[in-house]
file run01.cif (mmCIF, C-alpha atoms)
data_entry
loop_
_atom_site.label_atom_id
_atom_site.label_comp_id
_atom_site.auth_asym_id
_atom_site.auth_seq_id
_atom_site.Cartn_x
_atom_site.Cartn_y
_atom_site.Cartn_z
CA MET J 284 93.91 87.61 94.45
CA GLU J 285 95.79 84.71 92.88
CA ASN J 286 98.21 87.13 91.24
CA ILE J 287 99.12 88.65 94.61
CA PHE J 288 99.49 85.15 96.04
CA GLN J 289 102.11 84.51 93.37
CA LEU J 290 104.02 87.58 94.49
CA VAL J 291 103.99 86.23 98.04
CA ARG J 292 105.27 82.88 96.80
CA ASN J 293 108.09 84.67 95.00
CA VAL J 294 109.52 86.15 98.20
CA ILE J 295 109.48 82.92 100.25
CA PRO J 296 113.07 81.67 100.52
CA PRO J 297 113.53 78.07 99.39
CA LEU J 298 114.65 75.48 101.90
CA ALA J 299 118.23 74.36 101.29
CA GLY J 300 120.68 72.14 103.13
CA LYS J 301 123.52 74.66 102.79
CA LYS J 302 121.75 77.35 104.80
CA HIS J 303 122.78 78.15 108.36
CA LYS J 304 120.60 78.78 111.40
CA GLY J 305 119.25 82.30 111.38
CA GLN J 306 119.56 82.88 107.66
CA ASP J 307 115.80 82.69 107.03
CA GLY J 308 114.84 85.11 109.77
CA ARG J 309 115.58 86.25 113.29
CA ILE J 310 112.50 88.01 114.66
CA GLY J 311 112.12 90.04 117.85
CA ILE J 312 108.83 90.43 119.73
CA ILE J 313 108.69 93.43 122.07
CA GLY J 314 105.95 92.80 124.64
CA GLY J 315 104.80 90.62 127.49
CA CYS J 316 104.08 91.69 131.05
CA GLN J 317 102.52 90.19 134.17
CA GLU J 318 98.96 90.47 132.85
CA TYR J 319 99.64 89.52 129.23
CA THR J 320 101.86 86.54 128.47
CA GLY J 321 99.82 84.82 125.77
CA ALA J 322 100.05 87.53 123.11
CA PRO J 323 103.86 87.61 122.78
CA TYR J 324 103.92 83.81 122.78
CA PHE J 325 101.38 83.60 119.95
CA ALA J 326 103.30 86.15 117.87
CA ALA J 327 106.67 84.53 118.50
CA ILE J 328 105.64 80.91 117.96
CA THR J 329 103.76 81.85 114.78
CA ALA J 330 106.91 83.51 113.44
CA LEU J 331 108.76 80.23 113.95
CA LYS J 332 106.03 78.14 112.38
CA VAL J 333 105.87 80.41 109.33
CA GLY J 334 109.58 79.81 108.79
CA ALA J 335 111.75 82.11 110.87
CA ASP J 336 114.77 80.30 112.31
CA LEU J 337 114.90 82.16 115.63
CA SER J 338 112.27 84.01 117.59
CA HIS J 339 113.14 86.31 120.51
CA VAL J 340 110.73 87.73 123.10
CA PHE J 341 111.76 90.83 125.07
CA CYS J 342 109.39 90.97 128.03
CA THR J 343 109.21 91.98 131.68
CA LYS J 344 110.96 89.93 134.32
CA ASP J 345 107.77 88.53 135.85
CA ALA J 346 106.47 87.41 132.43
CA ALA J 347 109.63 85.65 131.28
CA THR J 348 109.31 82.36 133.16
CA VAL J 349 105.67 82.03 132.17
CA ILE J 350 106.44 82.59 128.48
CA LYS J 351 109.38 80.17 128.63
CA SER J 352 107.05 77.54 130.05
CA TYR J 353 104.84 77.77 126.96
CA SER J 354 107.58 76.72 124.57
CA PRO J 355 111.28 75.77 124.74
CA GLU J 356 111.74 77.05 121.16
CA LEU J 357 111.54 80.73 122.14
CA ILE J 358 114.48 82.84 123.29
CA VAL J 359 113.15 84.95 126.14
CA HIS J 360 114.83 88.09 127.50
CA PRO J 361 113.45 89.40 130.87
CA VAL J 362 114.60 92.98 130.29
CA LEU J 363 111.65 95.13 129.24
CA ASP J 364 111.07 96.64 132.69
CA SER J 365 114.72 97.02 133.63
CA PRO J 366 116.25 100.51 134.08
CA ASN J 367 118.44 100.00 130.99
CA ALA J 368 115.86 98.15 128.88
CA VAL J 369 116.46 100.14 125.70
CA HIS J 370 120.21 99.48 125.85
CA GLU J 371 119.64 95.77 126.54
CA VAL J 372 117.38 95.41 123.50
CA GLU J 373 119.62 97.62 121.34
CA LYS J 374 122.46 95.13 121.82
CA TRP J 375 120.36 92.52 120.01
CA LEU J 376 119.07 94.70 117.17
CA PRO J 377 122.02 94.00 114.81
CA ARG J 378 121.09 90.31 115.02
CA LEU J 379 117.39 90.83 114.27
CA HIS J 380 115.84 91.11 110.82
CA SER J 381 112.56 92.65 112.00
CA ILE J 382 110.74 93.47 115.21
CA VAL J 383 107.11 93.30 116.29
CA ILE J 384 106.15 95.83 118.95
CA GLY J 385 103.00 95.61 121.03
CA PRO J 386 101.74 92.06 121.72
CA GLY J 387 101.17 91.92 125.49
CA LEU J 388 102.95 95.23 126.03
CA GLY J 389 100.28 96.77 128.24
CA ARG J 390 100.00 100.50 128.98
CA ASN J 391 102.36 100.88 131.90
CA ASP J 392 104.18 104.20 131.44
CA VAL J 393 107.62 102.67 131.97
CA LEU J 394 107.03 99.93 129.40
CA LEU J 395 105.62 102.39 126.86
CA GLU J 396 108.60 104.67 127.32
CA ASN J 397 110.96 101.75 126.79
CA ALA J 398 109.03 100.70 123.69
CA LYS J 399 109.41 104.26 122.41
CA GLY J 400 113.17 104.08 122.87
CA ILE J 401 113.35 100.72 121.10
CA ILE J 402 111.40 102.10 118.13
CA GLU J 403 113.80 105.02 117.86
CA LYS J 404 116.87 102.74 117.96
CA SER J 405 115.32 100.39 115.39
CA LYS J 406 114.60 103.26 113.01
CA VAL J 407 118.23 104.33 113.12
CA LYS J 408 119.24 100.82 112.04
CA GLY J 409 116.59 100.65 109.31
CA ILE J 410 114.89 97.55 110.75
CA PRO J 411 111.35 96.74 109.55
CA ILE J 412 108.89 97.34 112.43
CA VAL J 413 105.43 95.81 112.81
CA ILE J 414 103.30 97.67 115.37
CA ASP J 415 100.21 96.07 116.90
CA ALA J 416 98.04 96.10 120.03
CA ASP J 417 99.27 98.48 122.74
CA GLY J 418 102.10 99.53 120.45
CA LEU J 419 99.34 101.23 118.46
CA TRP J 420 98.12 102.91 121.64
CA LEU J 421 101.57 104.44 121.97
CA ILE J 422 101.52 105.60 118.35
CA SER J 423 98.08 107.17 118.76
CA GLN J 424 99.47 109.22 121.64
CA GLN J 425 102.73 110.11 119.84
CA PRO J 426 102.26 109.68 116.06
CA SER J 427 105.52 111.49 115.26
CA LEU J 428 107.37 108.52 116.77
CA ILE J 429 106.78 106.46 113.62
CA GLN J 430 105.40 108.99 111.12
CA GLY J 431 107.35 108.91 107.87
CA TYR J 432 109.27 105.71 108.64
CA GLN J 433 108.25 103.67 105.61
CA ARG J 434 109.68 100.42 106.94
CA ALA J 435 106.90 100.37 109.53
CA ILE J 436 103.64 98.43 109.25
CA LEU J 437 100.64 99.24 111.46
CA THR J 438 98.01 96.53 112.04
CA PRO J 439 95.01 98.16 113.78
CA ASN J 440 91.67 96.51 114.45
CA TYR J 441 88.48 98.58 114.24
CA MET J 442 88.89 100.42 117.54
CA GLU J 443 92.64 100.96 117.11
CA PHE J 444 92.08 102.26 113.60
CA SER J 445 89.43 104.72 114.78
CA ARG J 446 91.75 106.00 117.53
CA LEU J 447 94.64 106.48 115.10
CA TYR J 448 92.44 108.07 112.45
CA GLU J 449 90.96 110.63 114.84
CA ALA J 450 94.41 111.44 116.23
CA MET J 451 95.83 112.09 112.76
CA LEU J 452 92.86 113.43 110.75
CA ARG J 453 90.92 115.15 113.54
CA ASP J 454 87.72 113.65 112.18
CA PRO J 455 85.76 110.47 112.92
CA VAL J 456 86.05 107.50 110.58
CA ASP J 457 83.60 107.62 107.67
CA SER J 458 81.82 104.27 107.87
CA ASN J 459 80.71 104.68 104.24
CA ASP J 460 84.24 105.07 102.88
CA HIS J 461 86.49 102.37 104.34
CA HIS J 462 88.90 102.44 101.40
CA GLY J 463 89.25 106.20 101.55
CA CYS J 464 89.84 106.18 105.30
CA VAL J 465 92.67 103.64 105.23
CA LEU J 466 94.21 105.52 102.30
CA ARG J 467 94.05 108.84 104.14
CA LEU J 468 95.44 107.43 107.38
CA SER J 469 98.41 105.95 105.56
CA GLN J 470 99.04 109.27 103.82
CA ALA J 471 98.80 111.17 107.10
CA MET J 472 101.31 108.78 108.67
CA GLY J 473 103.79 109.43 105.86
CA ASN J 474 102.74 106.58 103.55
CA LEU J 475 103.36 103.81 106.04
CA THR J 476 101.76 100.46 105.30
CA VAL J 477 98.49 100.23 107.23
CA VAL J 478 96.61 96.94 107.63
CA GLN J 479 93.05 97.60 108.79
CA LYS J 480 91.81 94.28 110.14
CA GLY J 481 88.13 93.48 109.80
CA GLU J 482 85.54 91.51 107.85
CA ARG J 483 87.84 92.22 104.93
CA ASP J 484 91.41 93.33 105.58
CA LEU J 485 92.30 96.60 103.85
CA ILE J 486 95.99 97.20 103.16
CA SER J 487 97.30 100.57 102.00
CA ASP J 488 100.53 102.50 101.58
CA GLY J 489 98.75 105.77 100.83
CA GLU J 490 98.82 105.21 97.09
CA LYS J 491 96.72 102.10 96.61
CA VAL J 492 94.46 99.78 98.61
CA LEU J 493 94.65 95.99 98.49
CA VAL J 494 91.70 94.01 99.80
CA CYS J 495 92.19 90.61 101.41
CA SER J 496 88.85 88.82 101.50
CA HIS J 497 90.25 85.30 101.78
CA GLU J 498 87.73 83.11 103.59
CA GLY J 499 88.16 82.89 107.36
CA SER J 500 85.29 82.21 109.76
CA SER J 501 82.77 84.01 111.93
CA ARG J 502 84.71 83.15 115.11
CA ARG J 503 86.76 86.04 116.55
CA CYS J 504 88.92 84.57 119.31
CA GLY J 505 91.52 86.54 121.21
CA GLY J 506 95.04 86.12 119.88
CA GLN J 507 94.22 86.09 116.18
CA GLY J 508 95.88 89.48 115.71
CA ASP J 509 99.03 88.15 117.38
CA LEU J 510 99.27 85.40 114.77
CA LEU J 511 98.98 88.08 112.11
CA SER J 512 101.69 90.30 113.58
CA GLY J 513 104.08 87.37 114.12
CA SER J 514 103.68 86.05 110.58
CA LEU J 515 103.96 89.58 109.20
CA GLY J 516 107.27 90.06 110.99
CA VAL J 517 108.68 87.14 109.00
CA LEU J 518 107.07 87.96 105.66
CA ALA J 519 108.12 91.61 105.90
CA HIS J 520 111.73 90.50 106.25
CA TRP J 521 111.46 88.06 103.34
CA ALA J 522 109.78 90.59 101.05
CA PHE J 523 112.27 93.30 101.95
CA LEU J 524 115.18 90.94 101.37
CA ALA J 525 113.90 89.43 98.13
CA GLY J 526 114.45 92.56 96.03
CA PRO J 527 112.79 93.58 92.76
CA GLU J 528 113.94 90.46 90.91
CA LYS J 529 111.54 88.40 93.03
CA THR J 530 108.64 90.87 93.08
CA ASN J 531 108.68 92.33 89.59
CA GLY J 532 105.56 90.47 88.54
CA TYR J 533 106.88 88.51 85.55
CA ASP J 534 105.94 85.15 87.03
CA CYS J 535 102.51 86.45 87.92
CA ILE J 536 101.89 87.71 84.39
CA SER J 537 102.70 84.33 82.90
CA ASP J 538 100.30 82.63 85.34
CA SER J 539 97.59 85.31 85.23
CA SER J 540 93.95 84.79 84.47
CA SER J 541 93.01 85.34 80.82
CA GLN J 542 90.08 87.42 82.04
CA MET J 543 92.40 90.17 83.29
CA ASN J 544 93.79 92.71 80.88
CA PRO J 545 97.59 92.14 80.77
CA LEU J 546 98.27 95.87 80.98
CA SER J 547 96.10 96.37 84.06
CA LEU J 548 97.70 93.32 85.67
CA TRP J 549 101.18 94.66 84.96
CA GLN J 550 100.23 98.04 86.43
CA LEU J 551 98.82 96.36 89.54
CA LEU J 552 101.94 94.29 90.09
CA GLN J 553 104.29 97.19 89.49
CA LYS J 554 102.40 99.22 92.10
CA CYS J 555 102.70 96.36 94.57
CA CYS J 556 106.38 95.98 93.85
CA GLN J 557 107.07 99.57 94.78
CA ASN J 558 106.30 98.55 98.35
CA PRO J 559 107.27 94.98 99.31
CA PHE J 560 105.41 95.38 102.60
CA LEU J 561 102.09 95.37 100.72
CA VAL J 562 102.93 91.89 99.45
CA ALA J 563 104.02 90.79 102.94
CA ALA J 564 100.86 92.16 104.54
CA PHE J 565 98.61 90.46 102.00
CA GLY J 566 100.39 87.17 102.65
CA ALA J 567 100.10 87.47 106.43
CA CYS J 568 96.42 88.41 106.27
CA SER J 569 95.64 85.50 103.96
CA LEU J 570 97.58 83.05 106.11
CA THR J 571 95.85 84.14 109.31
CA ARG J 572 92.45 83.81 107.68
CA GLN J 573 93.32 80.36 106.34
CA CYS J 574 94.39 79.24 109.83
CA ASN J 575 91.14 80.63 111.20
CA ASN J 576 89.13 78.78 108.58
CA GLN J 577 90.86 75.44 109.10
CA ALA J 578 90.67 75.59 112.89
CA PHE J 579 87.00 76.57 112.77
CA GLN J 580 86.23 73.58 110.55
CA LYS J 581 87.57 71.36 113.34
CA PHE J 582 86.46 73.12 116.51
CA GLY J 583 83.66 75.52 115.59
CA ARG J 584 82.64 77.90 118.35
CA SER J 585 85.20 76.43 120.76
CA MET J 586 88.14 77.38 118.52
CA THR J 587 90.97 79.31 120.21
CA ALA J 588 94.20 80.93 119.03
CA SER J 589 96.14 77.81 120.05
CA ASP J 590 94.05 75.83 117.58
CA MET J 591 94.94 78.35 114.88
CA VAL J 592 98.66 78.08 115.67
CA SER J 593 98.43 74.32 115.08
CA GLU J 594 97.15 75.03 111.56
CA VAL J 595 99.97 77.36 110.46
CA GLY J 596 102.01 74.66 108.71
CA THR J 597 99.21 73.15 106.65
CA ALA J 598 97.69 76.58 105.91
CA PHE J 599 101.04 77.92 104.69
CA ASN J 600 101.54 74.87 102.51
CA LYS J 601 98.07 75.14 100.99
CA LEU J 602 98.36 78.83 100.15
CA PHE J 603 101.98 79.22 99.13
CA GLU J 604 103.63 75.85 98.42
CA THR J 605 101.11 73.85 96.38
#

call {"tool": "encode", "arguments": {"input": "run01.cif", "output": "structure tokens"}}
result
Amino acid sequence: MENIFQLVRNVIPPLAGKKHKGQDGRIGIIGGCQEYTGAPYFAAITALKVGADLSHVFCTKDAATVIKSYSPELIVHPVLDSPNAVHEVEKWLPRLHSIVIGPGLGRNDVLLENAKGIIEKSKVKGIPIVIDADGLWLISQQPSLIQGYQRAILTPNYMEFSRLYEAMLRDPVDSNDHHGCVLRLSQAMGNLTVVQKGERDLISDGEKVLVCSHEGSSRRCGGQGDLLSGSLGVLAHWAFLAGPEKTNGYDCISDSSSQMNPLSLWQLLQKCCQNPFLVAAFGACSLTRQCNNQAFQKFGRSMTASDMVSEVGTAFNKLFET
């Protein structure tokens, strides 16, 4: 795994005094309604703590004030349930580097229809899209909405994965072939990057499967997936922006373990480089697990997602900057 960690480190933009606000990432979170205000907050604040400069939340009117009260750092737009919601969000898309669709979205028909329109507008502009939570519910009902758009990343948990798999493959998930299932789902979706969250996170683009088994904890608190989707929104932008010169594997080869055959290492890195979102997904999964581990060491069974958010800075530093 250390070799993939080095690829992640390669795409992280260095801090520099000459940079301007917004240069290291402007991320949009599409979600947040009356019932669910925590999820979009966790995704948006994590994006900031990972290193994005600006984090926008596009939510319903009755969720906006609540989300604003959680943090003054977030830019909150109360437009998601308005009659012209898609147009209102579309105006901001040229300013956004990536969007995360689903945290706190809910399953209201109007909100799902607006999310559908936002996905379509984002595809036209070529914006990387992370889809999680009820965004995945929408995709399971209308897979063609995202099928074949290779700048999309799906992050299903066990139940969401099963729903997507049965919708696309018309068969139940084979519990004895986890690798094969995530590979086949990605292929069926048009080789999108799929992150199957679980005891080990499986990441595939339909050609290969990366396994993230970085140590987390046995505590599964609500909101952990929102940290993952928020951090992935940032890392996807960085990896996409970095280009092949930052993800071609040369640095990793020079730092590689002597136990690994250089040729097999080179082949592994070249395969990863063909899809920068694999590198981004591995980084986001590892970071979320590290936050989980650190928070659990402090709080044990009482750990919550807020405790994990507080660990983002030190976890990021430990994994990628030391």

call {"tool": "residues_around", "arguments": {"input": "run01.cif", "residues": "Ala322 of chain J", "least_positions_apart": "6", "cutoff": "6 Å", "atoms": "only C-alpha atoms", "output": "list in words"}}
result
Pro386, Gly387 and Asp509 of chain J

call {"tool": "resolve_selection", "arguments": {"input": "run01.cif", "expression": "the PyMOL selection byres ((chain J and resi 508) around 10)", "output": "PyMOL selection string"}}
result
chain J and resi 322+325-326+386+415-416+438-440+480+503-507+509-514+568+571+588

call {"tool": "residues_around", "arguments": {"input": "run01.cif", "residues": "Val349 of chain J", "least_positions_apart": "2", "cutoff": "10 Å", "atoms": "all atoms listed in the file", "output": "PyMOL selection string"}}
result
chain J and resi 315-317+320-321+324+344-347+351-354

call {"tool": "residues_around", "arguments": {"input": "run01.cif", "residues": "segment 404-411 of chain J", "least_positions_apart": "4", "cutoff": "9 Å", "atoms": "all atoms listed in the file", "output": "number ranges by chain"}}
result
J: 369, 373, 376-377, 379-383, 399-400, 429, 432-436, 516, 519-520, 523

call {"tool": "closest_residue", "arguments": {"input": "run01.cif", "among": "J:His462, J:Gln430, J:Val562, J:Gly473", "to": "Leu485 of chain J", "atoms": "all atoms listed in the file"}}
result
J:His462

call {"tool": "resolve_selection", "arguments": {"input": "run01.cif", "expression": "the PyMOL selection byres ((chain J and resi 474) around 12)", "output": "MDAnalysis selection string"}}
result
chainID J and resid 429:437 465:473 475:477 486:492 558 560:561

call {"tool": "closest_residue", "arguments": {"input": "run01.cif", "among": "J:Arg502, J:Ala598, J:Ala563, J:Leu421", "to": "Ser585 of chain J", "atoms": "all atoms listed in the file"}}
result
J:Arg502

call {"tool": "atom_distance", "arguments": {"input": "run01.cif", "atom1": "atom CA of Ile313 of chain J", "atom2": "atom CA of Cys342 of chain J"}}
result
6.5 Å

call {"tool": "residues_near_point", "arguments": {"input": "run01.cif", "point": "(110.6, 86.0, 107.6)", "cutoff": "6 Å", "atoms": "all atoms listed in the file", "output": "PyMOL selection string"}}
result
chain J and resi 308+335+517-518+520-521

call {"tool": "write_last_selection", "arguments": {"input": "run01.cif", "atoms": "C-alpha atoms", "output": "PDB file, in the coordinates of the input"}}
result
ATOM      1  CA  GLY J 308     114.840  85.110 109.770  1.00  0.00           C
ATOM      2  CA  ALA J 335     111.750  82.110 110.870  1.00  0.00           C
ATOM      3  CA  VAL J 517     108.680  87.140 109.000  1.00  0.00           C
ATOM      4  CA  LEU J 518     107.070  87.960 105.660  1.00  0.00           C
ATOM      5  CA  HIS J 520     111.730  90.500 106.250  1.00  0.00           C
ATOM      6  CA  TRP J 521     111.460  88.060 103.340  1.00  0.00           C
TER       7      TRP J 521
END

call {"tool": "residues_near_point", "arguments": {"input": "run01.cif", "point": "(86.8, 87.5, 93.9)", "cutoff": "12 Å", "atoms": "all atoms listed in the file", "output": "ChimeraX atom specification"}}
result
/J:284-286,494-498

call {"tool": "residues_around", "arguments": {"input": "run01.cif", "residues": "Val592 of chain J", "least_positions_apart": "2", "cutoff": "8 Å", "atoms": "only C-alpha atoms", "output": "list in words"}}
result
Phe325, Ile328, Thr329, Leu510, Cys574, Ala588, Ser589, Asp590, Glu594 and Val595 of chain J

call {"tool": "resolve_selection", "arguments": {"input": "run01.cif", "expression": "the PyMOL selection byres ((chain J and resi 444-448) around 9)", "output": "list in words"}}
result
Leu419, Trp420, Ile422, Ser423, Gln424, Pro426, Thr438, Pro439, Asn440, Tyr441, Met442, Glu443, Glu449, Ala450, Met451, Leu452, Arg453, Asp454, Pro455, Val456, Cys464, Val465, Arg467, Leu468, Ala471, Gln479 and Lys480 of chain J

call {"tool": "atom_distance", "arguments": {"input": "run01.cif", "atom1": "atom CA of Arg390 of chain J", "atom2": "atom CA of Thr343 of chain J"}}
result
12.8 Å

call {"tool": "atom_distance", "arguments": {"input": "run01.cif", "atom1": "atom CA of Ile402 of chain J", "atom2": "atom CA of Gln306 of chain J"}}
result
23.4 Å

call {"tool": "closest_residue", "arguments": {"input": "run01.cif", "among": "J:Val372, J:Val291, J:Ile310, J:Leu515", "to": "Ala564 of chain J", "atoms": "only C-alpha atoms"}}
result
J:Leu515
